[in-house]
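As provided, work02.cif (mmCIF, C-alpha atoms) reads as follows.
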data_protein
loop_
_atom_site.label_atom_id
_atom_site.label_comp_id
_atom_site.auth_asym_id
_atom_site.auth_seq_id
_atom_site.Cartn_x
_atom_site.Cartn_y
_atom_site.Cartn_z
CA MET T 1 0.00 0.00 0.00
CA ASN T 2 1.37 3.42 -0.94
CA LYS T 3 2.05 5.70 2.00
CA PRO T 4 -0.17 8.81 1.93
CA TRP T 5 2.73 11.25 1.72
CA GLU T 6 4.13 9.28 -1.22
CA VAL T 7 0.80 9.64 -3.05
CA ILE T 8 0.74 13.37 -2.30
CA ALA T 9 4.24 13.73 -3.72
CA GLU T 10 3.14 11.83 -6.83
CA LEU T 11 0.12 14.11 -7.25
CA GLU T 12 2.38 17.14 -6.95
CA SER T 13 4.74 15.83 -9.61
CA ASN T 14 2.31 16.26 -12.52
CA ASN T 15 -0.07 19.15 -13.23
CA SER T 16 -2.27 17.12 -15.56
CA ARG T 17 -5.85 16.93 -14.31
CA LEU T 18 -6.30 13.50 -15.90
CA PHE T 19 -3.14 12.26 -14.21
CA LYS T 20 -4.42 13.34 -10.79
CA GLU T 21 -7.81 11.77 -11.42
CA ASP T 22 -6.17 8.49 -12.42
CA VAL T 23 -4.08 8.47 -9.22
CA ILE T 24 -7.17 9.08 -7.06
CA ALA T 25 -9.09 6.31 -8.85
CA ARG T 26 -6.13 3.94 -8.50
CA GLU T 27 -5.76 4.53 -4.75
CA SER T 28 -9.51 4.17 -4.26
CA LEU T 29 -9.46 0.81 -6.03
CA ALA T 30 -6.49 -0.24 -3.91
CA GLY T 31 -8.39 0.58 -0.71
CA ASN T 32 -5.97 3.21 0.59
CA THR T 33 -8.20 4.06 3.56
CA GLU T 34 -5.58 6.17 5.35
CA LEU T 35 -5.12 8.43 2.32
CA PHE T 36 -8.83 9.14 2.03
CA ARG T 37 -9.19 9.63 5.77
CA GLY T 38 -6.70 12.46 5.45
CA PHE T 39 -8.44 13.88 2.39
CA ARG T 40 -11.73 13.91 4.25
CA ALA T 41 -10.25 15.70 7.29
CA ALA T 42 -8.61 18.28 5.05
CA TYR T 43 -11.55 18.95 2.75
CA ASP T 44 -14.54 18.59 5.08
CA ALA T 45 -15.36 22.20 5.99
CA MET T 46 -17.06 21.12 9.22
CA VAL T 47 -13.80 19.68 10.57
CA THR T 48 -11.50 22.32 12.04
CA PHE T 49 -8.51 21.93 14.33
CA GLY T 50 -8.29 25.36 15.96
CA VAL T 51 -4.60 25.84 15.18
CA LYS T 52 -3.73 28.99 13.27
CA LYS T 53 -0.10 28.22 12.45
CA VAL T 54 1.62 24.87 11.98
CA GLU T 55 5.37 24.97 11.44
CA GLU T 56 7.15 22.85 8.84
CA LYS T 57 9.69 20.23 9.83
CA LYS T 58 13.44 20.26 9.14
CA GLY T 59 15.25 16.98 9.73
CA ASP T 60 13.90 13.58 10.66
CA GLY T 61 12.43 12.36 13.91
CA ARG T 62 11.84 8.73 14.68
CA GLY T 63 8.44 8.84 12.98
CA ILE T 64 4.89 8.85 14.34
CA THR T 65 2.04 6.42 13.87
CA ALA T 66 -1.28 7.25 12.25
CA GLU T 67 -2.99 6.31 15.51
CA ALA T 68 -0.96 8.88 17.46
CA PHE T 69 -1.72 11.62 14.95
CA TRP T 70 -5.46 10.94 14.75
CA LYS T 71 -5.79 10.80 18.53
CA THR T 72 -4.39 14.33 18.77
CA ALA T 73 -6.30 15.50 15.70
CA GLN T 74 -9.58 14.37 17.26
CA GLU T 75 -8.78 16.16 20.51
CA LEU T 76 -8.07 19.32 18.52
CA ALA T 77 -11.22 19.02 16.42
CA GLU T 78 -13.39 18.53 19.52
CA ARG T 79 -11.53 21.38 21.28
CA ARG T 80 -10.61 19.10 24.17
CA ILE T 81 -7.18 20.71 23.91
CA THR T 82 -6.83 24.37 22.98
CA GLY T 83 -4.43 27.29 23.33
CA ASN T 84 -0.96 26.42 24.63
CA ALA T 85 -1.96 22.80 25.20
CA ALA T 86 -2.89 22.46 21.54
CA LEU T 87 0.36 24.11 20.46
CA THR T 88 2.36 21.75 22.68
CA ALA T 89 0.55 18.68 21.29
CA VAL T 90 1.15 19.73 17.68
CA ASN T 91 4.81 20.52 18.32
CA TYR T 92 5.27 17.11 19.95
CA LEU T 93 3.95 15.42 16.81
CA ARG T 94 6.13 17.61 14.59
CA MET T 95 9.24 16.93 16.64
CA ASN T 96 8.83 13.15 16.42
CA ALA T 97 7.63 12.86 12.81
CA THR T 98 9.94 12.38 9.86
CA GLU T 99 10.29 15.38 7.56
CA GLU T 100 8.48 13.53 4.77
CA GLN T 101 5.62 12.48 7.05
CA TRP T 102 5.09 15.91 8.51
CA ASN T 103 5.61 18.31 5.61
CA GLY T 104 4.02 16.05 3.02
CA TRP T 105 1.05 14.76 4.97
CA TYR T 106 0.20 15.44 8.62
CA ARG T 107 0.89 19.18 8.53
CA ARG T 108 -1.25 19.52 5.41
CA ILE T 109 -4.19 17.88 7.16
CA LEU T 110 -3.94 20.29 10.09
CA ILE T 111 -3.75 23.37 7.84
CA LYS T 112 -6.54 21.84 5.69
CA ASP T 113 -4.63 22.26 2.46
CA MET T 114 -3.22 19.24 0.62
CA ARG T 115 -1.43 21.49 -1.89
CA CYS T 116 -1.44 18.84 -4.60
CA GLY T 117 -4.07 20.08 -7.03
CA THR T 118 -6.97 18.03 -5.70
CA SER T 119 -10.23 19.04 -4.05
CA ASP T 120 -13.37 17.54 -2.54
CA SER T 121 -14.95 17.45 -6.02
CA THR T 122 -11.97 15.47 -7.37
CA ILE T 123 -12.34 12.90 -4.59
CA ASN T 124 -16.12 12.67 -4.88
CA LYS T 125 -16.01 12.24 -8.64
CA HIS T 126 -13.28 9.62 -8.91
CA ALA T 127 -13.21 7.70 -5.63
CA ASP T 128 -15.52 5.04 -4.23
CA PRO T 129 -18.57 6.59 -2.46
CA LYS T 130 -17.33 5.31 0.90
CA TYR T 131 -14.40 7.74 0.56
CA HIS T 132 -16.48 10.76 -0.42
CA VAL T 133 -16.04 14.09 1.37
CA PRO T 134 -19.19 15.76 2.77
CA VAL T 135 -20.02 18.85 0.72
CA PHE T 136 -20.85 21.99 2.71
CA GLU T 137 -24.17 23.46 1.61
CA CYS T 138 -26.80 25.69 3.20
CA GLN T 139 -30.29 26.66 2.09
CA LEU T 140 -30.44 29.29 -0.66
CA ALA T 141 -33.33 31.25 -2.12
CA HIS T 142 -34.72 31.49 -5.63
CA ASP T 143 -35.64 34.78 -7.27
CA GLY T 144 -39.31 35.50 -6.59
CA ALA T 145 -39.67 37.25 -9.95
CA LYS T 146 -39.03 33.91 -11.66
CA HIS T 147 -41.50 32.00 -9.47
CA GLU T 148 -44.46 34.35 -9.23
CA SER T 149 -46.92 31.47 -8.75
CA LYS T 150 -45.14 30.66 -5.48
CA VAL T 151 -45.73 34.17 -4.15
CA SER T 152 -49.17 33.20 -2.84
CA GLY T 153 -50.89 31.81 0.22
CA SER T 154 -49.67 32.39 3.78
CA LYS T 155 -46.00 33.33 3.85
CA LEU T 156 -43.52 34.55 6.42
CA ILE T 157 -42.10 37.91 5.28
CA GLU T 158 -38.83 39.37 6.51
CA VAL T 159 -36.34 41.93 5.25
CA LYS T 160 -33.45 40.78 3.07
CA LEU T 161 -30.17 41.80 4.63
CA ASP T 162 -27.15 43.02 2.72
CA GLY T 163 -24.25 41.47 4.63
CA VAL T 164 -22.23 38.26 4.88
CA ARG T 165 -23.98 34.90 5.24
CA VAL T 166 -22.63 33.14 8.33
CA ILE T 167 -23.35 29.57 9.43
CA THR T 168 -22.66 29.29 13.17
CA VAL T 169 -22.23 25.84 14.72
CA VAL T 170 -22.76 25.79 18.49
CA TYR T 171 -21.76 22.84 20.67
CA PRO T 172 -23.18 22.36 24.20
CA SER T 173 -19.58 22.38 25.45
CA GLY T 174 -19.26 26.05 24.45
CA GLN T 175 -17.32 25.52 21.24
CA VAL T 176 -18.54 27.85 18.49
CA ASP T 177 -17.40 27.62 14.86
CA GLN T 178 -18.43 29.91 12.02
CA TYR T 179 -18.41 29.34 8.26
CA SER T 180 -19.23 31.24 5.10
CA ARG T 181 -21.99 29.92 2.82
CA ASN T 182 -19.28 28.03 0.89
CA GLY T 183 -17.83 26.36 3.97
CA LYS T 184 -14.79 28.57 4.54
CA GLU T 185 -14.09 28.97 8.24
CA LEU T 186 -14.57 32.51 9.55
CA VAL T 187 -12.43 33.52 12.52
CA ASN T 188 -12.85 37.30 12.68
CA PHE T 189 -16.11 37.57 14.62
CA GLU T 190 -14.75 36.52 18.01
CA ASN T 191 -16.95 39.01 19.86
CA ILE T 192 -20.07 37.33 18.47
CA LYS T 193 -18.75 33.83 19.09
CA LYS T 194 -17.96 34.61 22.74
CA GLN T 195 -21.46 35.94 23.36
CA ILE T 196 -23.05 32.83 21.85
CA ALA T 197 -20.63 30.48 23.65
CA LYS T 198 -21.80 31.75 27.05
CA HIS T 199 -25.30 30.46 26.29
CA ALA T 200 -24.40 27.25 24.44
CA VAL T 201 -25.33 25.25 27.54
CA PHE T 202 -29.01 25.77 26.70
CA PHE T 203 -28.56 23.42 23.73
CA LYS T 204 -28.76 19.68 24.37
CA GLU T 205 -27.10 18.83 21.05
CA PRO T 206 -24.87 20.66 18.53
CA MET T 207 -26.97 23.26 16.70
CA VAL T 208 -26.63 25.34 13.55
CA LEU T 209 -27.60 29.01 13.65
CA ASP T 210 -28.12 30.47 10.18
CA GLY T 211 -27.85 34.22 9.73
CA GLU T 212 -26.21 37.25 8.21
CA VAL T 213 -23.52 39.45 9.73
CA MET T 214 -23.87 43.17 9.11
CA SER T 215 -21.92 46.23 10.20
CA ALA T 216 -22.27 49.98 9.75
CA SER T 217 -20.59 49.71 6.34
CA PHE T 218 -20.82 46.74 3.98
CA GLN T 219 -17.46 47.70 2.44
CA ASP T 220 -15.81 47.80 5.87
CA LEU T 221 -17.37 44.46 6.74
CA MET T 222 -16.01 42.79 3.59
CA ARG T 223 -12.53 44.04 4.45
CA GLN T 224 -12.76 42.36 7.87
CA VAL T 225 -14.21 38.98 6.87
CA HIS T 226 -10.97 37.20 5.96
CA ARG T 227 -8.42 39.65 7.41
CA LYS T 228 -5.59 37.91 9.25
CA SER T 229 -4.48 40.86 11.42
CA ASP T 230 -5.75 44.22 12.71
CA VAL T 231 -9.30 42.89 12.74
CA GLN T 232 -11.90 45.49 13.71
CA ALA T 233 -15.28 43.77 13.72
CA ASP T 234 -16.65 44.77 17.14
CA ASP T 235 -19.58 46.66 15.59
CA SER T 236 -20.66 43.64 13.56
CA VAL T 237 -24.06 42.14 14.40
CA LEU T 238 -25.17 38.59 13.63
CA ASN T 239 -28.79 38.66 12.46
CA LEU T 240 -30.19 35.15 12.91
CA PHE T 241 -33.09 33.80 10.86
CA ASP T 242 -32.97 30.00 11.24
CA ILE T 243 -31.93 27.14 13.48
CA LEU T 244 -31.62 23.35 13.17
CA PRO T 245 -29.60 20.49 14.69
CA LEU T 246 -26.11 19.99 13.26
CA GLY T 247 -26.93 16.37 12.41
CA GLU T 248 -29.85 17.46 10.24
CA PHE T 249 -27.75 20.17 8.59
CA GLN T 250 -25.12 17.59 7.69
CA ALA T 251 -27.84 15.24 6.41
CA GLY T 252 -29.10 18.07 4.19
CA GLU T 253 -32.66 18.41 5.53
CA SER T 254 -34.43 19.36 8.75
CA THR T 255 -37.33 17.56 10.41
CA ARG T 256 -39.02 20.73 11.66
CA VAL T 257 -40.77 23.13 9.30
CA GLN T 258 -40.06 26.84 9.01
CA HIS T 259 -42.58 28.23 11.55
CA GLN T 260 -41.44 25.64 14.12
CA ARG T 261 -37.79 26.53 13.60
CA SER T 262 -38.57 30.25 13.81
CA SER T 263 -40.40 29.72 17.11
CA GLN T 264 -37.51 27.63 18.46
CA LEU T 265 -35.02 30.35 17.54
CA ARG T 266 -37.05 33.07 19.25
CA ALA T 267 -37.55 30.88 22.34
CA TRP T 268 -33.79 30.37 22.69
CA TYR T 269 -32.95 34.00 22.07
CA ALA T 270 -35.60 35.86 24.10
CA PRO T 271 -34.35 35.17 27.66
CA ILE T 272 -30.69 35.88 26.78
CA ALA T 273 -31.13 38.78 24.32
CA ASP T 274 -29.89 41.39 26.81
CA HIS T 275 -26.63 39.48 27.20
CA MET T 276 -25.85 39.33 23.47
CA PRO T 277 -25.58 42.90 22.14
CA ASN T 278 -24.00 41.68 18.90
CA VAL T 279 -26.62 39.02 18.16
CA THR T 280 -30.25 39.53 17.18
CA VAL T 281 -33.10 37.67 15.50
CA VAL T 282 -34.65 38.92 12.26
CA GLY T 283 -38.31 39.82 12.63
CA GLN T 284 -40.94 37.94 10.63
CA GLU T 285 -44.58 38.57 9.84
CA LEU T 286 -47.11 36.03 8.58
CA VAL T 287 -49.04 37.50 5.64
CA ASP T 288 -51.82 35.88 3.61
CA LEU T 289 -51.01 36.88 0.04
CA ASP T 290 -54.32 35.52 -1.23
CA THR T 291 -56.26 38.35 0.44
CA ILE T 292 -56.52 42.04 -0.44
CA GLN T 293 -55.40 42.97 3.07
CA GLY T 294 -52.43 40.65 2.77
CA GLN T 295 -51.40 42.12 -0.58
CA GLU T 296 -51.62 45.63 0.85
CA ARG T 297 -49.52 44.65 3.86
CA PHE T 298 -47.03 42.94 1.55
CA LYS T 299 -46.64 46.15 -0.47
CA MET T 300 -46.22 48.18 2.70
CA ILE T 301 -43.43 45.91 3.97
CA ASN T 302 -41.81 46.17 0.55
CA THR T 303 -41.99 49.96 0.69
CA GLN T 304 -40.60 50.03 4.22
CA ALA T 305 -37.72 47.80 3.11
CA VAL T 306 -36.81 50.34 0.42
CA ALA T 307 -37.04 53.23 2.87
CA GLY T 308 -34.95 51.35 5.42
CA GLY T 309 -32.15 50.73 2.95
CA TYR T 310 -32.57 46.96 2.89
CA GLU T 311 -31.70 44.88 -0.15
CA GLY T 312 -35.24 43.57 -0.46
CA ILE T 313 -37.53 41.10 1.24
CA MET T 314 -37.58 37.36 1.84
CA ILE T 315 -40.73 35.28 1.33
CA LYS T 316 -40.66 32.00 3.25
CA ASP T 317 -43.00 29.02 3.25
CA PRO T 318 -43.98 28.45 6.91
CA ASP T 319 -44.61 24.74 6.28
CA ALA T 320 -41.34 23.90 4.49
CA VAL T 321 -38.34 22.10 5.93
CA TYR T 322 -34.79 23.47 5.73
CA GLU T 323 -32.99 21.94 2.74
CA CYS T 324 -29.30 22.40 1.99
CA LYS T 325 -29.82 23.56 -1.59
CA ARG T 326 -31.50 26.35 -3.55
CA THR T 327 -35.23 26.00 -3.06
CA THR T 328 -38.48 27.87 -3.71
CA ALA T 329 -39.33 27.49 -0.02
CA TRP T 330 -37.31 30.70 0.26
CA LEU T 331 -37.87 33.42 -2.31
CA LYS T 332 -35.94 36.67 -2.47
CA GLN T 333 -37.64 39.68 -3.94
CA LYS T 334 -35.93 42.95 -4.48
CA PRO T 335 -38.25 45.90 -4.05
CA HIS T 336 -39.06 47.91 -7.13
CA ILE T 337 -40.61 51.25 -7.95
CA GLU T 338 -42.83 52.28 -10.83
CA VAL T 339 -42.37 55.74 -12.36
CA SER T 340 -44.40 57.46 -15.10
CA LEU T 341 -42.19 59.37 -17.55
CA THR T 342 -42.58 61.00 -20.96
CA VAL T 343 -40.89 59.59 -24.07
CA VAL T 344 -38.76 62.40 -25.58
CA ASN T 345 -36.83 60.38 -28.14
CA THR T 346 -36.10 56.87 -29.40
CA GLU T 347 -32.83 55.12 -30.19
CA GLU T 348 -32.24 52.39 -32.74
CA GLY T 349 -31.05 49.04 -31.51
CA THR T 350 -27.82 47.25 -32.33
CA GLY T 351 -27.00 43.66 -33.27
CA ARG T 352 -30.18 41.64 -33.62
CA ASN T 353 -32.20 44.82 -32.94
CA VAL T 354 -30.87 46.88 -35.88
CA GLY T 355 -33.87 48.41 -37.61
CA LYS T 356 -35.90 48.08 -34.40
CA LEU T 357 -36.28 50.00 -31.18
CA GLY T 358 -33.22 49.94 -28.98
CA ALA T 359 -34.35 52.24 -26.18
CA LEU T 360 -36.89 54.86 -25.21
CA VAL T 361 -35.33 58.10 -23.99
CA CYS T 362 -37.57 59.22 -21.14
CA GLU T 363 -37.83 62.28 -18.93
CA GLY T 364 -40.07 63.38 -16.09
CA VAL T 365 -40.39 64.41 -12.47
CA ASP T 366 -41.02 61.93 -9.67
CA ASP T 367 -41.14 62.93 -6.02
CA GLY T 368 -39.53 66.26 -6.86
CA LYS T 369 -36.62 64.66 -8.72
CA GLU T 370 -36.02 65.38 -12.42
CA ILE T 371 -35.28 62.03 -14.04
CA ARG T 372 -33.80 61.27 -17.44
CA VAL T 373 -33.18 57.67 -18.38
CA ASN T 374 -32.84 55.35 -21.38
CA VAL T 375 -35.20 52.40 -21.09
CA GLY T 376 -33.86 49.52 -23.19
CA SER T 377 -35.28 46.37 -21.64
CA GLY T 378 -38.71 44.88 -21.03
CA PHE T 379 -39.77 44.86 -24.71
CA SER T 380 -40.83 41.89 -26.80
CA ASP T 381 -39.44 41.57 -30.33
CA GLN T 382 -42.85 42.57 -31.71
CA GLN T 383 -42.96 45.67 -29.50
CA ARG T 384 -39.51 46.73 -30.67
CA GLU T 385 -40.76 46.61 -34.27
CA ASP T 386 -44.08 48.32 -33.51
CA PHE T 387 -42.64 51.14 -31.39
CA TRP T 388 -39.89 51.82 -33.96
CA ASN T 389 -42.32 52.05 -36.83
CA CYS T 390 -44.86 54.34 -35.16
CA ARG T 391 -44.58 57.62 -33.30
CA VAL T 392 -44.27 57.20 -29.54
CA ASP T 393 -42.65 60.55 -28.69
CA GLY T 394 -44.75 62.38 -26.10
CA GLN T 395 -46.42 59.24 -24.80
CA ILE T 396 -46.51 58.53 -21.08
CA VAL T 397 -44.63 55.34 -20.29
CA GLU T 398 -44.68 53.41 -17.03
CA VAL T 399 -41.19 52.28 -16.09
CA ARG T 400 -40.31 49.73 -13.42
CA ALA T 401 -36.93 50.05 -11.73
CA ASP T 402 -35.07 49.02 -8.60
CA ALA T 403 -34.55 52.57 -7.33
CA VAL T 404 -33.95 56.22 -8.21
CA THR T 405 -30.22 56.96 -8.38
CA GLN T 406 -28.33 60.23 -8.36
CA ASN T 407 -25.62 60.86 -10.90
CA GLN T 408 -22.34 62.61 -10.12
CA ASP T 409 -23.61 65.79 -11.78
CA GLY T 410 -26.63 65.91 -9.46
CA THR T 411 -29.17 64.67 -12.01
CA TYR T 412 -31.28 61.58 -11.40
CA SER T 413 -31.74 58.30 -13.24
CA LEU T 414 -33.14 54.83 -12.52
CA ARG T 415 -31.38 51.60 -11.60
CA PHE T 416 -32.24 48.73 -13.95
CA PRO T 417 -35.19 50.42 -15.74
CA ARG T 418 -37.65 48.11 -17.56
CA PHE T 419 -40.53 49.04 -19.84
CA LEU T 420 -43.83 48.12 -18.25
CA ARG T 421 -46.57 49.69 -20.36
CA PHE T 422 -47.80 52.86 -22.02
CA ARG T 423 -50.37 54.79 -20.00
CA GLY T 424 -52.45 56.18 -22.82
CA PHE T 425 -53.29 55.91 -26.48
CA LYS T 426 -51.93 59.30 -27.54
CA PRO T 427 -49.15 61.69 -26.48
CA GLY T 428 -49.58 63.13 -23.00
CA GLU T 429 -52.63 61.02 -22.15
CA LYS T 430 -52.71 59.26 -18.78
CA MET T 431 -54.97 56.39 -17.85
#
Here is the file; what I need is its structure written in the form of structure tokens.
Amino acid sequence: MNKPWEVIAELESNNSRLFKEDVIARESLAGNTELFRGFRAAYDAMVTFGVKKVEEKKGDGRGITAEAFWKTAQELAERRITGNAALTAVNYLRMNATEEQWNGWYRRILIKDMRCGTSDSTINKHADPKYHVPVFECQLAHDGAKHESKVSGSKLIEVKLDGVRVITVVYPSGQVDQYSRNGKELVNFENIKKQIAKHAVFFKEPMVLDGEVMSASFQDLMRQVHRKSDVQADDSVLNLFDILPLGEFQAGESTRVQHQRSSQLRAWYAPIADHMPNVTVVGQELVDLDTIQGQERFKMINTQAVAGGYEGIMIKDPDAVYECKRTTAWLKQKPHIEVSLTVVNTEEGTGRNVGKLGALVCEGVDDGKEIRVNVGSGFSDQQREDFWNCRVDGQIVEVRADAVTQNQDGTYSLRFPRFLRFRGFKPGEKM
């Protein structure tokens, strides 16, 4: 059986993707369990060792056994040893390992980087299923505009936050780990983690808290997310919107439905809210979209989201389970505005739209702001022909957009304007 570090060296020796895939398939067929155990530990995002720096080895020790390494690795992963004790344990392994063992294998597991041109997808595609690496996934939303039929019935409505998605794993022992939506460990929100850790004892099993971290400035927040030094994230707030057991998260689906999970989250948070200034729970409101009152309330929440500077709203099915994939159980809907403007000119299209309408040049005043904008989307091919071949100057056009924007010269325009309809049959006529 090839030693794992020998296989890693072989993988490093050739940059060919096919070569690497053949090596992985070969070792899988040979039953190289130890190799794939290391791959899994390195590539499984949910496995972390809590050591920030692992030194390389110069010179040979007497060598260490796989059993000795995995015993320490498990203690690190479960945070049974931390701080100086963890550093001492790692240095003991490094001191006794051979240079080839340490630099080419065990160190790479601890830093979670095999550095040989492979990944979890390589392993999962070319190795036996028993060697597959768990893929980190969380629930994602579909665009509500593309699933309008789903925007009906009783739904939980909440604001859509413009921050960084953070998956927080809380263990009853007080260990708290945080990950991005792609499974990259986040280590720069220690203030938040400490506040949650103090109340981890209320959980009887490891739990996943799903939420979004926001700060006063999105740009400042993005600079802090993966910074390795001079981290300044004390003003960051974790806005939680879901909860489920870690085992169910790893299995890819919850047993409780949305309204049950939302109630569980609020029940955990309410008695300890005053002790977690950097953690909050996103508010939700149940709205029946099949009623006139519900539609009016839905529009009001949408309007308030725009006024509050939020990215949009989330529409959630109260009777749906949490699934680690993109699903229509969650719909995101960016708020939009509708503005009536006057067509002052037309522009010919380009490419496939040569000889047809390219855009309507529109002007008008909305809420005291003088707007001028070119509207070039929202037309069917037939409309482009019709509007190009007949006079539309002077007509009132209804334009849908994401928001009114101010140009550098002080004038106003619209973000992502789309033609909706004409509001009359002749120039200047409103209906």
Might you pull out every residue within 7 Å of range 303-306 of chain T, with all atoms listed in the file counted and same-chain residues fewer than 4 positions away left off, and present them as a list in words?
-> Val159, Lys299, Tyr310, Gly312, Ile313 and Pro335 of chain T
Might you pull out every residue within 8 Å of range 42-56 of chain T, with only C-alpha atoms counted and same-chain residues fewer than 6 positions away left off, and present them as a PyMOL selection string?
-> chain T and resi 73+76-79+82+86-87+90+94+102-103+107-114+119-120+133-136+183-185
Can you pull out every residue within 12 Å of Phe298 in chain T, counting all atoms listed in the file, but drop anything in the same chain fewer than 3 positions away, and send it as a PyMOL selection string?
-> chain T and resi 151-159+285-295+301-305+312-315+333+335
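Distance-wise, CA of Arg165 in chain T and CA of Gly252 in chain T end up 17.6 Å apart.
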Using all atoms listed in the file, which residue out of T:Asp366, T:Asp210, T:Glu67, T:Asp381 lies closest to Gly349 in chain T?
->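 Smallest separation from Gly349 in chain T among the options: T:Asp381.
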For the structure provided, state which residues fall under the PyMOL selection byres ((chain T and resi 338) around 7), and present them as a list in words.
->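 Matching residues under the PyMOL selection byres ((chain T and resi 338) around 7) are His336, Ile337, Val339, Ser340, Glu398, Val399, Arg400 and Ala401 of chain T.
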Evaluating the PyMOL selection byres ((chain T and resi 144) around 10) on the displayed file yields which residues, as an MDAnalysis selection string?
-> chainID T and resid 141:143 145:151 313:315 328 330:334
How many Å lie between CA of Asp234 in chain T and CA of Leu186 in chain T, rounded to one decimal?
->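 One can read the CA of Asp234 in chain T to CA of Leu186 in chain T distance as 14.6 Å.
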Run the PyMOL selection byres ((chain T and resi 96) around 10) against the file shown and list the residues it catches, as an MDAnalysis selection string.
-> chainID T and resid 57 60:65 91:95 97:99 101:102
With a distance cut-off of 12 Å and only C-alpha atoms, select the neighbouring residues of Cys324 in chain T, excluding the residue or stretch itself and same-chain residues fewer than 4 positions from it, and output the selection as a list of chain:residue names.
->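 What passes the distance filter is T:Val135, T:Phe136, T:Glu137, T:Cys138, T:Gln139, T:Leu140, T:Ala141, T:Ile167, T:Arg181, T:Asn182, T:Asp210, T:Leu244, T:Leu246, T:Glu248, T:Phe249, T:Gln250, T:Ala251, T:Gly252, T:Glu253, T:Ser254, T:Ala329, T:Trp330.
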Which value, in Å to one decimal, gives the distance between CA of Glu385 in chain T and CA of Gly351 in chain T?
->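 It comes out at 14.1 Å.
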Between T:Ser380, T:Thr33, T:Gln284, T:Asn374, which one has atoms that come closest to Glu347 in chain T, using only C-alpha atoms?
-> T:Asn374
Counting all atoms listed in the file, figure out which residue out of T:Leu357, T:Arg384, T:Met1, T:Ser121 gets nearest to Phe39 in chain T.
->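 Nearest to Phe39 in chain T: T:Ser121.
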Show me, as JSON lines, the residues of range 88-118 of chain T having an atom within 8 Å of range 10-24 of chain T, each with the closest atom pair and its distance in Å, using all atoms listed in the file.
{"residue": "T:Arg115", "atom": "CA", "partner": "T:Glu12", "partner_atom": "CA", "distance": 7.7}
{"residue": "T:Cys116", "atom": "CA", "partner": "T:Glu12", "partner_atom": "CA", "distance": 4.8}
{"residue": "T:Gly117", "atom": "CA", "partner": "T:Glu12", "partner_atom": "CA", "distance": 7.1}
{"residue": "T:Thr118", "atom": "CA", "partner": "T:Lys20", "partner_atom": "CA", "distance": 7.4}
Near range 418-424 of chain T, counting all atoms listed in the file, which residues have an atom at most 12 Å away, once you skip same-chain residues fewer than 2 positions from it, shown as an mmCIF file with C-alpha atoms, keeping the file's coordinate frame?
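What landed in selection.cif:
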data_model
loop_
_atom_site.group_PDB
_atom_site.id
_atom_site.type_symbol
_atom_site.label_atom_id
_atom_site.label_comp_id
_atom_site.auth_asym_id
_atom_site.auth_seq_id
_atom_site.Cartn_x
_atom_site.Cartn_y
_atom_site.Cartn_z
ATOM 1 C CA HIS T 336 -39.060 47.910 -7.130
ATOM 2 C CA ILE T 337 -40.610 51.250 -7.950
ATOM 3 C CA GLU T 338 -42.830 52.280 -10.830
ATOM 4 C CA VAL T 339 -42.370 55.740 -12.360
ATOM 5 C CA SER T 340 -44.400 57.460 -15.100
ATOM 6 C CA LEU T 341 -42.190 59.370 -17.550
ATOM 7 C CA THR T 342 -42.580 61.000 -20.960
ATOM 8 C CA VAL T 343 -40.890 59.590 -24.070
ATOM 9 C CA GLY T 358 -33.220 49.940 -28.980
ATOM 10 C CA ALA T 359 -34.350 52.240 -26.180
ATOM 11 C CA LEU T 360 -36.890 54.860 -25.210
ATOM 12 C CA VAL T 361 -35.330 58.100 -23.990
ATOM 13 C CA CYS T 362 -37.570 59.220 -21.140
ATOM 14 C CA VAL T 373 -33.180 57.670 -18.380
ATOM 15 C CA ASN T 374 -32.840 55.350 -21.380
ATOM 16 C CA VAL T 375 -35.200 52.400 -21.090
ATOM 17 C CA GLY T 376 -33.860 49.520 -23.190
ATOM 18 C CA SER T 377 -35.280 46.370 -21.640
ATOM 19 C CA GLY T 378 -38.710 44.880 -21.030
ATOM 20 C CA PHE T 379 -39.770 44.860 -24.710
ATOM 21 C CA SER T 380 -40.830 41.890 -26.800
ATOM 22 C CA GLN T 383 -42.960 45.670 -29.500
ATOM 23 C CA ARG T 384 -39.510 46.730 -30.670
ATOM 24 C CA PHE T 387 -42.640 51.140 -31.390
ATOM 25 C CA VAL T 392 -44.270 57.200 -29.540
ATOM 26 C CA ASP T 393 -42.650 60.550 -28.690
ATOM 27 C CA GLY T 394 -44.750 62.380 -26.100
ATOM 28 C CA GLN T 395 -46.420 59.240 -24.800
ATOM 29 C CA ILE T 396 -46.510 58.530 -21.080
ATOM 30 C CA VAL T 397 -44.630 55.340 -20.290
ATOM 31 C CA GLU T 398 -44.680 53.410 -17.030
ATOM 32 C CA VAL T 399 -41.190 52.280 -16.090
ATOM 33 C CA ARG T 400 -40.310 49.730 -13.420
ATOM 34 C CA ALA T 401 -36.930 50.050 -11.730
ATOM 35 C CA ASP T 402 -35.070 49.020 -8.600
ATOM 36 C CA ALA T 403 -34.550 52.570 -7.330
ATOM 37 C CA LEU T 414 -33.140 54.830 -12.520
ATOM 38 C CA ARG T 415 -31.380 51.600 -11.600
ATOM 39 C CA PHE T 416 -32.240 48.730 -13.950
ATOM 40 C CA LYS T 426 -51.930 59.300 -27.540
ATOM 41 C CA PRO T 427 -49.150 61.690 -26.480
ATOM 42 C CA GLY T 428 -49.580 63.130 -23.000
ATOM 43 C CA GLU T 429 -52.630 61.020 -22.150
ATOM 44 C CA LYS T 430 -52.710 59.260 -18.780
ATOM 45 C CA MET T 431 -54.970 56.390 -17.850
#
